[in-house]
file target08.cif (mmCIF, C-alpha atoms)
data_target
#
loop_
_atom_site.label_atom_id
_atom_site.label_comp_id
_atom_site.auth_asym_id
_atom_site.auth_seq_id
_atom_site.Cartn_x
_atom_site.Cartn_y
_atom_site.Cartn_z
CA MET T 1 -11.33 -5.51 24.73
CA LYS T 2 -9.60 -3.13 22.36
CA PRO T 3 -11.69 -0.44 20.65
CA LEU T 4 -12.89 -1.15 17.12
CA ALA T 5 -10.49 1.32 15.50
CA ALA T 6 -7.48 -0.31 17.16
CA ARG T 7 -8.65 -3.78 16.13
CA LEU T 8 -9.15 -2.60 12.55
CA ALA T 9 -5.68 -1.08 12.53
CA ALA T 10 -4.27 -4.37 13.81
CA GLY T 11 -5.95 -6.20 10.93
CA GLU T 12 -8.44 -8.31 12.90
CA GLU T 13 -10.83 -9.96 10.49
CA SER T 14 -13.69 -9.93 13.01
CA ALA T 15 -13.31 -6.16 13.39
CA PHE T 16 -13.97 -5.69 9.68
CA ALA T 17 -17.06 -7.89 9.99
CA GLU T 18 -18.21 -5.70 12.87
CA LEU T 19 -17.60 -2.56 10.82
CA TYR T 20 -19.56 -4.03 7.93
CA ASP T 21 -22.50 -4.90 10.15
CA ALA T 22 -22.45 -1.44 11.69
CA CYS T 23 -22.74 0.53 8.48
CA ALA T 24 -23.12 -1.57 5.33
CA ASP T 25 -26.82 -0.87 4.78
CA ARG T 26 -26.59 2.90 5.08
CA LEU T 27 -23.28 3.03 3.24
CA HIS T 28 -24.86 1.04 0.42
CA ARG T 29 -27.86 3.39 0.33
CA TYR T 30 -25.61 6.44 0.23
CA LEU T 31 -23.46 4.89 -2.51
CA SER T 32 -26.54 3.94 -4.52
CA TRP T 33 -27.42 7.62 -4.73
CA GLN T 34 -23.83 8.50 -5.49
CA VAL T 35 -23.25 6.07 -8.35
CA GLY T 36 -26.80 5.65 -9.60
CA SER T 37 -27.45 1.95 -9.14
CA ARG T 38 -27.54 -0.67 -6.41
CA ASP T 39 -25.23 -3.06 -8.27
CA ALA T 40 -22.60 -0.41 -8.84
CA ALA T 41 -22.98 0.64 -5.21
CA ALA T 42 -22.25 -2.94 -4.12
CA ASP T 43 -19.08 -2.97 -6.24
CA VAL T 44 -17.96 0.39 -4.87
CA LEU T 45 -18.68 -0.71 -1.31
CA GLN T 46 -16.60 -3.86 -1.82
CA GLN T 47 -13.77 -1.79 -3.28
CA ALA T 48 -14.01 0.65 -0.39
CA PHE T 49 -13.56 -2.19 2.11
CA LEU T 50 -10.49 -3.43 0.21
CA ARG T 51 -9.05 0.09 0.28
CA ALA T 52 -9.79 0.25 3.97
CA VAL T 53 -7.86 -2.99 4.52
CA GLY T 54 -5.00 -1.60 2.44
CA SER T 55 -4.77 1.50 4.60
CA ARG T 56 -5.94 -0.17 7.80
CA ARG T 57 -3.21 1.40 9.94
CA LYS T 58 -4.90 4.76 9.48
CA PHE T 59 -7.86 3.44 11.50
CA GLY T 60 -5.59 3.74 14.51
CA LYS T 61 -5.41 7.48 14.00
CA VAL T 62 -9.06 8.27 13.30
CA GLU T 63 -11.69 9.07 15.86
CA ASN T 64 -14.57 7.44 14.08
CA PRO T 65 -13.93 4.36 11.88
CA ILE T 66 -17.37 4.58 10.27
CA ALA T 67 -16.80 8.18 9.17
CA TYR T 68 -13.41 7.15 7.83
CA LEU T 69 -14.97 4.30 5.86
CA PHE T 70 -17.56 6.71 4.44
CA GLN T 71 -14.70 8.97 3.39
CA ILE T 72 -12.99 6.08 1.59
CA ALA T 73 -16.28 5.06 -0.01
CA ARG T 74 -16.94 8.63 -1.12
CA ASN T 75 -13.54 8.73 -2.86
CA GLU T 76 -14.21 5.34 -4.42
CA ALA T 77 -17.57 6.55 -5.72
CA ALA T 78 -15.86 9.58 -7.29
CA ARG T 79 -13.27 7.28 -8.86
CA TYR T 80 -16.02 5.00 -10.14
CA ARG T 81 -17.89 7.91 -11.68
CA SER T 82 -14.79 9.23 -13.39
CA THR T 83 -13.76 5.84 -14.78
CA GLU T 84 -17.24 4.96 -15.87
CA ARG T 85 -17.67 8.51 -17.19
CA LYS T 86 -21.01 8.52 -15.45
CA GLN T 87 -22.25 11.90 -14.48
CA LYS T 88 -24.92 12.06 -11.86
CA THR T 89 -28.12 12.91 -13.64
CA ASP T 90 -31.25 14.46 -12.31
CA ARG T 91 -33.11 11.41 -13.38
CA ILE T 92 -32.24 8.72 -10.86
CA GLU T 93 -33.05 5.06 -11.28
CA ILE T 94 -35.84 4.87 -8.78
CA ASP T 95 -36.03 1.07 -8.94
CA ALA T 96 -32.54 1.04 -7.54
CA PHE T 97 -33.57 2.77 -4.34
CA VAL T 98 -37.01 1.49 -3.49
CA GLY T 99 -37.72 -2.17 -2.94
CA ALA T 100 -39.85 -4.22 -5.30
CA ASP T 101 -42.61 -4.38 -2.69
CA GLU T 102 -43.06 -0.60 -2.51
CA THR T 103 -46.49 0.77 -3.38
CA GLU T 104 -47.11 2.93 -6.40
CA SER T 105 -47.54 6.07 -4.29
CA GLN T 106 -44.23 5.43 -2.54
CA ARG T 107 -42.63 5.04 -5.91
CA VAL T 108 -44.05 8.37 -7.05
CA ASP T 109 -42.82 10.02 -3.85
CA ALA T 110 -39.39 8.54 -4.44
CA GLU T 111 -39.34 10.00 -7.92
CA ALA T 112 -40.33 13.40 -6.58
CA ALA T 113 -37.65 13.28 -3.89
CA ALA T 114 -35.02 12.18 -6.39
CA ALA T 115 -35.97 15.02 -8.69
CA ALA T 116 -35.77 17.40 -5.74
CA LEU T 117 -32.24 16.27 -4.91
CA GLY T 118 -31.30 16.90 -8.50
CA ARG T 119 -32.16 20.59 -7.98
CA LEU T 120 -29.48 21.03 -5.32
CA THR T 121 -25.86 21.98 -5.90
CA ALA T 122 -23.44 19.03 -5.86
CA GLU T 123 -22.06 19.98 -2.43
CA ASP T 124 -25.46 20.51 -0.81
CA ARG T 125 -26.79 17.37 -2.38
CA GLU T 126 -23.92 15.32 -1.00
CA ILE T 127 -24.52 16.67 2.50
CA VAL T 128 -28.22 15.83 2.25
CA GLU T 129 -27.45 12.36 0.89
CA LEU T 130 -24.93 11.68 3.63
CA LYS T 131 -27.35 12.83 6.31
CA ILE T 132 -30.46 11.13 5.08
CA PHE T 133 -29.24 8.01 3.30
CA GLY T 134 -25.92 7.57 5.05
CA ASP T 135 -27.53 8.40 8.39
CA VAL T 136 -24.33 10.01 9.64
CA THR T 137 -24.14 12.88 12.10
CA PHE T 138 -23.21 16.46 11.18
CA ARG T 139 -19.91 15.96 12.94
CA GLU T 140 -19.17 12.88 10.85
CA ILE T 141 -20.24 14.64 7.65
CA ALA T 142 -17.88 17.47 8.55
CA ASP T 143 -15.04 14.94 8.73
CA ILE T 144 -16.08 13.25 5.50
CA VAL T 145 -16.44 16.37 3.35
CA ALA T 146 -13.75 18.37 5.18
CA MET T 147 -15.98 21.28 6.19
CA PRO T 148 -16.71 22.83 9.58
CA GLN T 149 -19.58 21.11 11.37
CA GLN T 150 -21.54 24.34 11.65
CA THR T 151 -21.25 24.96 7.91
CA VAL T 152 -22.48 21.43 7.21
CA ALA T 153 -25.53 21.88 9.46
CA THR T 154 -26.35 25.26 7.95
CA ARG T 155 -26.03 24.04 4.37
CA TYR T 156 -28.17 21.00 5.15
CA ARG T 157 -31.02 23.04 6.61
CA ARG T 158 -30.78 25.64 3.87
CA ALA T 159 -30.88 22.89 1.22
CA LEU T 160 -34.01 21.36 2.76
CA GLU T 161 -35.65 24.78 3.05
CA SER T 162 -34.92 25.47 -0.60
CA LEU T 163 -36.72 22.26 -1.52
CA ARG T 164 -39.73 22.82 0.71
CA PRO T 165 -41.95 24.76 -1.74
CA TRP T 166 -41.13 22.46 -4.60
CA LEU T 167 -41.68 19.27 -2.62
CA THR T 168 -44.88 20.61 -1.06
CA ARG T 169 -46.24 21.11 -4.54
CA GLN T 170 -45.09 17.64 -5.58
CA PHE T 171 -46.49 15.80 -2.57
CA SER T 172 -49.69 17.73 -2.23
CA MET L 173 -29.42 7.62 14.34
CA SER L 174 -30.97 11.05 14.28
CA GLU L 175 -34.70 11.69 14.24
CA PRO L 176 -36.12 13.52 11.21
CA ILE L 177 -36.53 17.19 12.01
CA ASP L 178 -38.94 17.98 9.29
CA PRO L 179 -41.62 16.38 7.09
CA ILE L 180 -39.27 16.82 4.15
CA GLU L 181 -36.59 14.84 5.97
CA GLN L 182 -39.23 12.25 6.74
CA GLN L 183 -40.17 12.15 3.09
CA PHE L 184 -36.57 11.50 2.11
CA ALA L 185 -36.08 9.04 4.93
CA ASN L 186 -38.97 6.98 3.57
CA LEU L 187 -36.81 6.34 0.52
CA SER L 188 -33.93 5.02 2.48
CA ARG L 189 -35.20 1.70 3.72
CA ALA L 190 -33.46 -0.56 1.21
CA SER L 191 -30.70 -2.73 2.69
CA ALA L 192 -27.45 -3.88 1.14
CA PRO L 193 -27.74 -7.16 -0.82
CA VAL L 194 -27.54 -10.17 1.50
CA THR L 195 -24.81 -11.84 -0.57
CA LEU L 196 -22.63 -8.73 -0.39
CA ARG L 197 -21.58 -9.35 3.21
CA GLU L 198 -20.00 -12.70 2.43
CA ALA L 199 -18.29 -11.38 -0.71
CA VAL L 200 -16.85 -8.35 1.09
CA LEU L 201 -15.66 -10.28 4.13
CA GLN L 202 -14.12 -12.98 1.94
CA ASP L 203 -12.14 -10.33 0.04
CA VAL L 204 -11.15 -8.65 3.28
CA GLY L 205 -9.92 -11.99 4.68
CA SER L 206 -7.87 -12.74 1.54
CA GLN L 207 -6.34 -9.29 1.56
CA LEU L 208 -5.42 -9.52 5.23
CA ARG L 209 -3.82 -12.93 4.66
CA ALA L 210 -1.90 -11.57 1.65
CA GLN L 211 -0.66 -8.68 3.79
CA ARG L 212 0.51 -11.12 6.47
CA TRP L 213 2.47 -13.11 3.86
CA GLU L 214 3.98 -9.93 2.45
CA ARG L 215 5.14 -8.98 5.93
CA ARG L 216 6.64 -12.44 6.49
CA LEU L 217 8.47 -12.35 3.14
CA LEU L 218 9.73 -8.86 3.87
CA ARG L 219 11.02 -10.02 7.24
CA ILE L 220 12.79 -13.00 5.60
CA ALA L 221 14.30 -10.71 2.97
CA VAL L 222 15.58 -8.36 5.68
CA VAL L 223 17.07 -11.25 7.67
CA MET L 224 18.76 -12.63 4.53
CA PHE L 225 20.12 -9.21 3.70
CA VAL L 226 21.55 -8.81 7.18
CA VAL L 227 23.08 -12.31 7.06
CA GLY L 228 24.57 -11.52 3.64
CA VAL L 229 26.07 -8.28 4.87
CA ALA L 230 27.43 -10.03 7.97
CA LEU L 231 28.99 -12.82 5.88
CA ASN L 232 30.56 -10.31 3.53
CA ALA L 233 31.92 -8.31 6.43
CA SER L 234 33.36 -11.38 8.11
CA VAL L 235 35.00 -12.60 4.88
CA SER L 236 36.51 -9.13 4.32
CA TRP L 237 37.72 -9.06 7.90
CA PHE L 238 39.41 -12.47 7.62
CA ALA L 239 40.91 -11.58 4.26
CA GLY L 240 42.11 -8.22 5.53
CA SER L 241 43.49 -9.18 8.91
CA GLY L 242 43.05 -12.80 9.85
CA PHE L 243 45.00 -14.30 6.92
CA GLN L 244 47.58 -11.56 6.62
CA GLY L 245 51.07 -12.79 7.40
CA GLN L 246 50.01 -16.43 7.42
CA LYS L 247 52.08 -18.36 4.97
CA VAL L 248 50.29 -20.87 2.78
CA ALA L 249 50.97 -24.48 3.78
CA GLY L 250 53.57 -26.09 1.55
CA TYR L 251 55.09 -22.77 0.52
CA GLU L 252 58.81 -23.09 -0.30
CA PRO L 253 60.89 -19.99 -1.08
CA GLU L 254 63.36 -22.12 -2.99
CA SER L 255 60.65 -23.46 -5.26
CA LEU L 256 59.42 -19.91 -5.81
CA LYS L 257 62.90 -18.86 -6.93
CA GLN L 258 62.96 -21.74 -9.42
CA VAL L 259 59.55 -20.78 -10.79
CA ALA L 260 60.68 -17.17 -11.11
CA ALA L 261 63.78 -18.29 -12.94
CA ALA L 262 61.70 -20.38 -15.33
CA VAL L 263 59.47 -17.36 -16.06
CA ALA L 264 62.56 -15.20 -16.53
CA GLU L 265 63.91 -17.71 -19.00
CA ALA L 266 60.72 -17.61 -20.97
CA THR L 267 60.38 -13.82 -20.79
CA ASP L 268 62.98 -11.63 -19.10
CA ALA L 269 64.49 -11.11 -15.65
CA GLU L 270 62.20 -8.19 -14.72
CA THR L 271 59.05 -10.16 -15.49
CA GLY L 272 60.41 -13.15 -13.61
CA ALA L 273 61.14 -11.00 -10.55
CA ARG L 274 57.72 -9.32 -10.75
CA PHE L 275 56.02 -12.72 -11.01
CA ALA L 276 57.99 -13.97 -7.99
CA ARG L 277 56.99 -10.87 -5.95
CA GLN L 278 53.30 -11.36 -6.71
CA LEU L 279 53.42 -15.08 -6.05
CA ALA L 280 55.21 -14.52 -2.73
CA LEU L 281 52.50 -12.03 -1.69
CA ARG L 282 49.79 -14.54 -2.61
CA CYS L 283 51.52 -17.08 -0.40
CA GLY L 284 51.64 -14.63 2.50
CA ASP L 285 55.34 -13.86 2.13
CA VAL L 286 57.43 -10.97 0.90
CA TRP L 287 59.97 -11.27 -1.90
CA SER L 288 63.00 -9.99 -0.03
CA GLU L 289 66.06 -8.19 -1.34
CA LYS L 290 68.06 -11.25 -0.43
CA GLN L 291 65.82 -13.51 -2.47
CA GLN L 292 66.01 -11.04 -5.36
CA ALA L 293 69.82 -11.15 -5.21
CA GLU L 294 69.85 -14.95 -5.09
CA PHE L 295 67.39 -15.01 -8.00
CA GLN L 296 69.70 -12.73 -9.99
CA ASP L 297 72.67 -14.95 -9.19
CA GLN L 298 70.76 -18.06 -10.17
CA LEU L 299 69.63 -16.37 -13.37
CA ARG L 300 72.98 -15.09 -14.62
CA PRO L 301 74.55 -18.42 -15.59
CA ARG L 302 71.32 -19.57 -17.30
CA VAL L 303 70.16 -16.54 -19.29
CA GLY L 304 73.39 -14.61 -19.48
CA PRO L 305 73.93 -10.94 -18.78
CA ALA L 306 72.62 -9.86 -22.18
CA LEU L 307 69.06 -10.89 -21.38
CA THR L 308 68.72 -9.21 -17.99
CA LYS L 309 67.44 -5.65 -18.20
CA LYS L 310 69.15 -4.69 -14.98
CA ASP L 311 72.53 -5.78 -16.22
CA GLY L 312 71.93 -4.07 -19.48
#
call {"tool": "encode", "arguments": {"input": "target08.cif", "output": "structure tokens"}}
result
Amino acid sequence: MKPLAARLAAGEESAFAELYDACADRLHRYLSWQVGSRDAAADVLQQAFLRAVGSRRKFGKVENPIAYLFQIARNEAARYRSTERKQKTDRIEIDAFVGADETESQRVDAEAAAAALGRLTAEDREIVELKIFGDVTFREIADIVAMPQQTVATRYRRALESLRPWLTRQFS
Amino acid sequence: MSEPIDPIEQQFANLSRASAPVTLREAVLQDVGSQLRAQRWERRLLRIAVVMFVVGVALNASVSWFAGSGFQGQKVAGYEPESLKQVAAAVAEATDAETGARFARQLALRCGDVWSEKQQAEFQDQLRPRVGPALTKKDG
């Protein structure tokens, strides 16, 4: 059987279904943090898949189709933000990211974490969001944000360290 | 999937349990399917357009080739030099000898023939008694 990237490049419908199943949940989570709501994230994700179909031949040249899809989705999120003139705010819609069945304390923790992310620089925040919500590896993040892998890992750890005192106070 | 390295990571990871909406999968895959089908049709239409273009170019080339070489020198069926002389004389009567001769030359070419010097001389002879020397440019 051909590898997934080759099947995507050839335009096999089942390959796109496979790609969706492999990363839709984490891509949706990442996009939710990027665009600020779950509904908008769903729209952006849908648009990202259409873009991916449009440029499907490029899948044949990439090493990791999931990282490539994240890259497309990241660009789509940026486009969405610029067209909607939505700037990412420190105040994030917590209801968008935690399920309705979450407990009150989880909700408070989510608010604290969201506020913490708002304290990071845009670049560091994106790396943290990709790592934690997108659940992608440092190597994949390096491909997505076009930075050396080592730089990505360093910035990620430094960002978390910078949040440690603040979060400790919040969660204690 | 990487394991959290830190309680802070764990704290963030606890936020990331929400899944994509269930209905999204169907919507996305439906759009993907439509787009792939549209792409296939575009490719087919492009292929047809290319084939038609090539056929058009080939037809044009073949027509030019036949017109340029195949038909050259082939006299049109029913062509009669005598009749051509008469037509030329009629034109000369209506206009002048030069126009009549020019008309005859063009018509002969169209019929795959050449208006020869001999024909021109005969035409002049035929013309003289009808139009008279005063009307022919050549004769002054």
call {"tool": "resolve_selection", "arguments": {"input": "target08.cif", "expression": "the PyMOL selection byres ((chain T and resi 140) around 12)", "output": "ChimeraX atom specification"}}
result
/T:62-71,127,130-131,134-139,141-150,152-153
call {"tool": "write_last_selection", "arguments": {"input": "target08.cif", "atoms": "C-alpha atoms", "output": "short mmCIF file (atom, residue, chain, number, x, y, z; two decimals), keeping the file's coordinate frame"}}
result
data_model
loop_
_atom_site.label_atom_id
_atom_site.label_comp_id
_atom_site.auth_asym_id
_atom_site.auth_seq_id
_atom_site.Cartn_x
_atom_site.Cartn_y
_atom_site.Cartn_z
CA VAL T 62 -9.06 8.27 13.30
CA GLU T 63 -11.69 9.07 15.86
CA ASN T 64 -14.57 7.44 14.08
CA PRO T 65 -13.93 4.36 11.88
CA ILE T 66 -17.37 4.58 10.27
CA ALA T 67 -16.80 8.18 9.17
CA TYR T 68 -13.41 7.15 7.83
CA LEU T 69 -14.97 4.30 5.86
CA PHE T 70 -17.56 6.71 4.44
CA GLN T 71 -14.70 8.97 3.39
CA ILE T 127 -24.52 16.67 2.50
CA LEU T 130 -24.93 11.68 3.63
CA LYS T 131 -27.35 12.83 6.31
CA GLY T 134 -25.92 7.57 5.05
CA ASP T 135 -27.53 8.40 8.39
CA VAL T 136 -24.33 10.01 9.64
CA THR T 137 -24.14 12.88 12.10
CA PHE T 138 -23.21 16.46 11.18
CA ARG T 139 -19.91 15.96 12.94
CA ILE T 141 -20.24 14.64 7.65
CA ALA T 142 -17.88 17.47 8.55
CA ASP T 143 -15.04 14.94 8.73
CA ILE T 144 -16.08 13.25 5.50
CA VAL T 145 -16.44 16.37 3.35
CA ALA T 146 -13.75 18.37 5.18
CA MET T 147 -15.98 21.28 6.19
CA PRO T 148 -16.71 22.83 9.58
CA GLN T 149 -19.58 21.11 11.37
CA GLN T 150 -21.54 24.34 11.65
CA VAL T 152 -22.48 21.43 7.21
CA ALA T 153 -25.53 21.88 9.46
#
call {"tool": "closest_residue", "arguments": {"input": "target08.cif", "among": "T:Gln46, T:Ser14, T:Ser37, T:Thr83", "to": "chain L", "atoms": "all atoms listed in the file"}}
result
T:Gln46
call {"tool": "interface_residues", "arguments": {"input": "target08.cif", "of": "chain T", "to": "chain L", "cutoff": "8 Å", "atoms": "only C-alpha atoms", "output": "PyMOL selection string"}}
result
chain T and resi 11+13+16-17+20+24-26+28-29+42+46+49-50+53-54+97-99+109-110+113+132-133+135-137+160+164+167
call {"tool": "closest_residue", "arguments": {"input": "target08.cif", "among": "T:Pro165, T:Arg81, T:Ala116, T:Glu111", "to": "Gln34 (chain T)", "atoms": "all atoms listed in the file"}}
result
T:Arg81
call {"tool": "atom_distance", "arguments": {"input": "target08.cif", "atom1": "CA of Ala5 (chain T)", "atom2": "CA of Gly60 (chain T)"}}
result
5.6 Å
call {"tool": "atom_distance", "arguments": {"input": "target08.cif", "atom1": "CA of Ala52 (chain T)", "atom2": "CA of Pro3 (chain T)"}}
result
16.8 Å
call {"tool": "closest_residue", "arguments": {"input": "target08.cif", "among": "T:Cys23, T:Ala73, T:Val128, T:Ala115", "to": "Leu45 (chain T)", "atoms": "all atoms listed in the file"}}
result
T:Ala73
call {"tool": "atom_distance", "arguments": {"input": "target08.cif", "atom1": "CA of Leu19 (chain T)", "atom2": "CA of Ala77 (chain T)"}}
result
18.9 Å
call {"tool": "residues_around", "arguments": {"input": "target08.cif", "residues": "Val286 (chain L)", "least_positions_apart": "3", "cutoff": "8 Å", "atoms": "all atoms listed in the file", "output": "PyMOL selection string"}}
result
chain L and resi 277+280-281
call {"tool": "write_last_selection", "arguments": {"input": "target08.cif", "atoms": "C-alpha atoms", "output": "compact mmCIF listing (two decimals), in the frame of the given file"}}
result
# COMPACT_ATOMS: atom_id res chain seq x y z
CA ARG L 277 56.99 -10.87 -5.95
CA ALA L 280 55.21 -14.52 -2.73
CA LEU L 281 52.50 -12.03 -1.69
